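Note sheet for the following structure.
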Amino acid sequence: MRAHPLATDAVLAFGALVCMVLGSFADPHGPHGPTFGTRNPDTFSLLLMLLGAAVLVFRRRRPRAVLAVTCGLSLLELTTGEPRAPVAMCTVIALYTVAACTDRPTTWRIGLLTMAGLTGVAMLAGPLPWYAQENIGIFAWTGMAAAAGDAVRSRRAFIDAIRERAERAERTRDEEARRRVAEERLRIARDLHDVVAHHIALVNVQAGVAAHVMDKRPDQAKEALAHVREASRSALNELRATVGLLRQSGDPEAPTEPAPGLAVLDELVDTFRHAGLPVEVIVQLGPEPGPLPAAVDLAAYRVVQEALTNVRKHAGPGARAEVSVVRVGPSVEVTVLDDGGTEASDAEPGGGHGLLGMRERTGALGGSCFAGPRYGGGYRVHAILPV
């Protein structure tokens with residue numbers, strides 16, 4: 001019916017024509033009630049019924065024009081038909097169509113005009129007495145048509161609103177899922193950057209030391225290569241743990257070891273000390289009960305890791321670093337200082353994402369991160385992480 005509306009309206013018009021023709025043979029004023037076959041419609045009434053049914057085929061394309069034509073045909077029948085044929089059925093169907101496809105104020109105006117016009121003409125100019133039940137029937141049928149059309153229009157609008165809300169909710173769920181996926185990818189990218197930058201920097205330093213002392217001090221070269229192997233193994237383990245988060249269900253289980261935190265800060269600092277960077281550490285988490293939240297613990301660890309990696313990569317020879325992790329009231333303050341070394345560094349200026357990653361980590365937890373040169377030389381990283 002939706003695919004072929006014109007054919008549907010043609011079938012409806014044919015059914016209305018059959019009903020009107022059959023109704024024109026019925027006499028409501030028989031001696032023992034309504035009787036059928038006791039009267040015959042005249043030729044003009046049959047023509048009006050045929051024209052009214054034909055016009056109904058186009059009721060969806062031009063509903064108001066169809067209503068106007070059917071009203072005109074009904075007025076002709078009401079004033080000239082004797083006996084009267086039910087041509088007004090065409091007007092009832094046309095009025096229903098107008099009410100179903102327009103708004104309520106328009107339905108009220110057109111409906112009242114149609115009801116009053118047809119009923120008034122039938123009462124004042126028709127061959128029947130003004131109080132005849134056929135005249136009252138016209139008023140009732142046109143009123144019910146307008147009410148039914150308005151109810152159908154309201155139901156369609158309600159269903160459309162429900163469908164639109166469902167589609168909007170589906171779009172919102174999709175957008176929320178995409179946002180969460182993007183946030184998770186960003187978090188994993190930060191973890192990967194922290195792991196790779198830290199361990200590759202240590203491997204680079206230790207490999208340089210091994211190459212420098214290989215001929216003169218083989219024992220130190222062997223120790224440096226051992227540190228290279230240890231750093232690479234640690235990097236592989238952390239990469240495996242991070243990438244394991246991306247595995248699908250049914251894949252081999254990822255390692256279950258916890259994420260690094262301040263509990264293993266000494267091990268992290270030892271790797272830098274073995275690489276030739278003197279580091280002093282102060283950790284004062286205060287008397288507050290309970291451990292730090294996992295997200296804060298991991299963020300503090302990553303800030304120290306990234307800051308010391310930058311010191312190792314960009315500070316000059318002989319540089320020294322200081323690390324302090326202090327709990328002050330409702331926050332944990334992480335500070336990493338270096339003195340810049342005794343000489344200017346020949347390392348290339350950093351253009352990576354380490355500082356940006358630290359700021360994003362602390363910002364995601366509602367904290368802040370500052371990084372910049374110190375007065376008198378060196379660099380300072382200061383992060384505040386709300387507990």
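A note on labels: chains of the structure tokens are A, B, ... as shown, every chain counts residues from 1, and ligands are counted from 1 in their shown order.
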
Pull the alpha helix (DSSP H) assignments for segment 21-146 of chain A out of DSSP run on the backbone, and list those residues as a ChimeraX atom specification. /A:21-24,43-56,63-80,88-100,104-125,133-146

Skipping near chain neighbours, those fewer than 6 positions away, what residues fall within 10 Å of segment 282-299 of chain A using only C-alpha atoms, listed as a PyMOL selection string? chain A and resi 191+258-263+265+305+322-335+358+361-362+364-365+367+383-387

Using backbone DSSP assignments, extract all strand (DSSP E or B) residues from segment 140-353 of chain A; output them as a ChimeraX atom specification. /A:279-284,321-328,331-338

Atomic separation - atom CA of Ser45 of chain A relative to atom CA of Cys19 of chain A, Å: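 Going from atom CA of Cys19 of chain A over to atom CA of Ser45 of chain A covers 13.7 Å.
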
With 6 Å as the cut-off and only C-alpha atoms counted, what is the closest atom pair between each nearby residue of segment 113-196 of chain A and segment 92-96 of chain A? Distances in Å to one decimal, ordered by chain and number, as JSON lines.
```
{"residue": "A:Thr142", "atom": "CA", "partner": "A:Val92", "partner_atom": "CA", "distance": 5.3}
{"residue": "A:Ala145", "atom": "CA", "partner": "A:Tyr96", "partner_atom": "CA", "distance": 4.8}
{"residue": "A:Ala146", "atom": "CA", "partner": "A:Tyr96", "partner_atom": "CA", "distance": 5.3}
{"residue": "A:Gly149", "atom": "CA", "partner": "A:Tyr96", "partner_atom": "CA", "distance": 4.6}
```

For a quick check of understanding, using only C-alpha atoms, which of A:Val196, A:Lys313, A:Ala201, A:Val264 has the smallest distance to Arg240 of chain A?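 So, comparing all the options, the nearest one is A:Val196.
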
Near-Phe36 of chain A list (10 Å; only C-alpha atoms; drop same-chain fewer than 5 positions) as a VMD selection string: chain A and resid 22 to 28 30

Point out the residue among A:Ala147, A:Arg163, A:Leu355, A:Ile200 with the least atom-to-atom distance to Met115 of chain A, counting only C-alpha atoms. A:Ala147

When you look at Glu306 of chain A with a cut-off of 10 Å (counting only C-alpha atoms), what residues show up, excluding the ones that are within fewer than 6 positions of it in the same chain? I need them as a list in words.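 Returned residues: His193, Asp194, Val195, Ala197, His198, Arg312, Val336, Gly354, Leu355, Gly357, Met358 and Val381 of chain A.
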
Would you save the residues of that selection, restricted to N, CA and C atoms, as a CSV table (one decimal), in the first residue's frame?
```csv
chain,number,residue,atom,x,y,z
A,193,HIS,N,54.2,5.0,24.4
A,193,HIS,CA,55.3,6.0,24.3
A,193,HIS,C,56.2,6.0,25.5
A,194,ASP,N,55.6,6.0,26.7
A,194,ASP,CA,56.4,6.0,27.9
A,194,ASP,C,57.3,4.8,28.0
A,195,VAL,N,56.8,3.6,27.7
A,195,VAL,CA,57.6,2.4,27.7
A,195,VAL,C,58.7,2.5,26.7
A,197,ALA,N,60.0,5.0,24.9
A,197,ALA,CA,61.0,6.1,25.0
A,197,ALA,C,61.9,5.9,26.2
A,198,HIS,N,61.4,5.4,27.3
A,198,HIS,CA,62.3,5.1,28.4
A,198,HIS,C,63.3,4.1,28.2
A,312,ARG,N,68.0,12.2,30.6
A,312,ARG,CA,69.0,11.3,30.1
A,312,ARG,C,69.3,11.6,28.6
A,336,VAL,N,60.5,16.6,39.4
A,336,VAL,CA,61.8,16.1,38.9
A,336,VAL,C,62.6,17.3,38.4
A,354,GLY,N,56.4,13.4,24.7
A,354,GLY,CA,56.5,13.1,26.1
A,354,GLY,C,55.8,14.1,27.0
A,355,LEU,N,56.2,15.4,26.8
A,355,LEU,CA,55.6,16.5,27.7
A,355,LEU,C,54.1,16.5,27.5
A,357,GLY,N,52.2,14.1,26.6
A,357,GLY,CA,51.6,12.9,27.2
A,357,GLY,C,51.5,13.1,28.7
A,358,MET,N,52.5,13.7,29.4
A,358,MET,CA,52.4,14.0,30.8
A,358,MET,C,51.2,14.9,31.1
A,381,VAL,N,60.2,19.6,36.1
A,381,VAL,CA,58.9,19.1,35.8
A,381,VAL,C,58.1,19.0,37.1
```

Shortest contact to Val203 of chain A, candidates A:Lys216, A:Arg374, A:Arg156, A:Arg229, atoms counted only C-alpha atoms, goes to A:Arg229

For Ala116 of chain A: contacts at 8 Å, only C-alpha atoms, fewer than 4 positions along chain excluded, given as JSON, numbers by chain: {"A": [112, 120, 139]}

Any chance you could export the current selection's N, CA and C atoms as a CSV table (one decimal), in the first residue's frame?
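Below is the file that was written, out_39.csv:
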```csv
chain,number,residue,atom,x,y,z
A,112,LEU,N,-15.3,22.3,10.7
A,112,LEU,CA,-16.5,23.1,11.1
A,112,LEU,C,-17.1,23.7,9.9
A,120,GLY,N,-26.3,22.8,6.9
A,120,GLY,CA,-27.2,23.9,6.7
A,120,GLY,C,-27.9,23.9,5.4
A,139,PHE,N,-24.2,15.8,9.5
A,139,PHE,CA,-23.4,16.5,10.6
A,139,PHE,C,-22.6,15.5,11.4
```
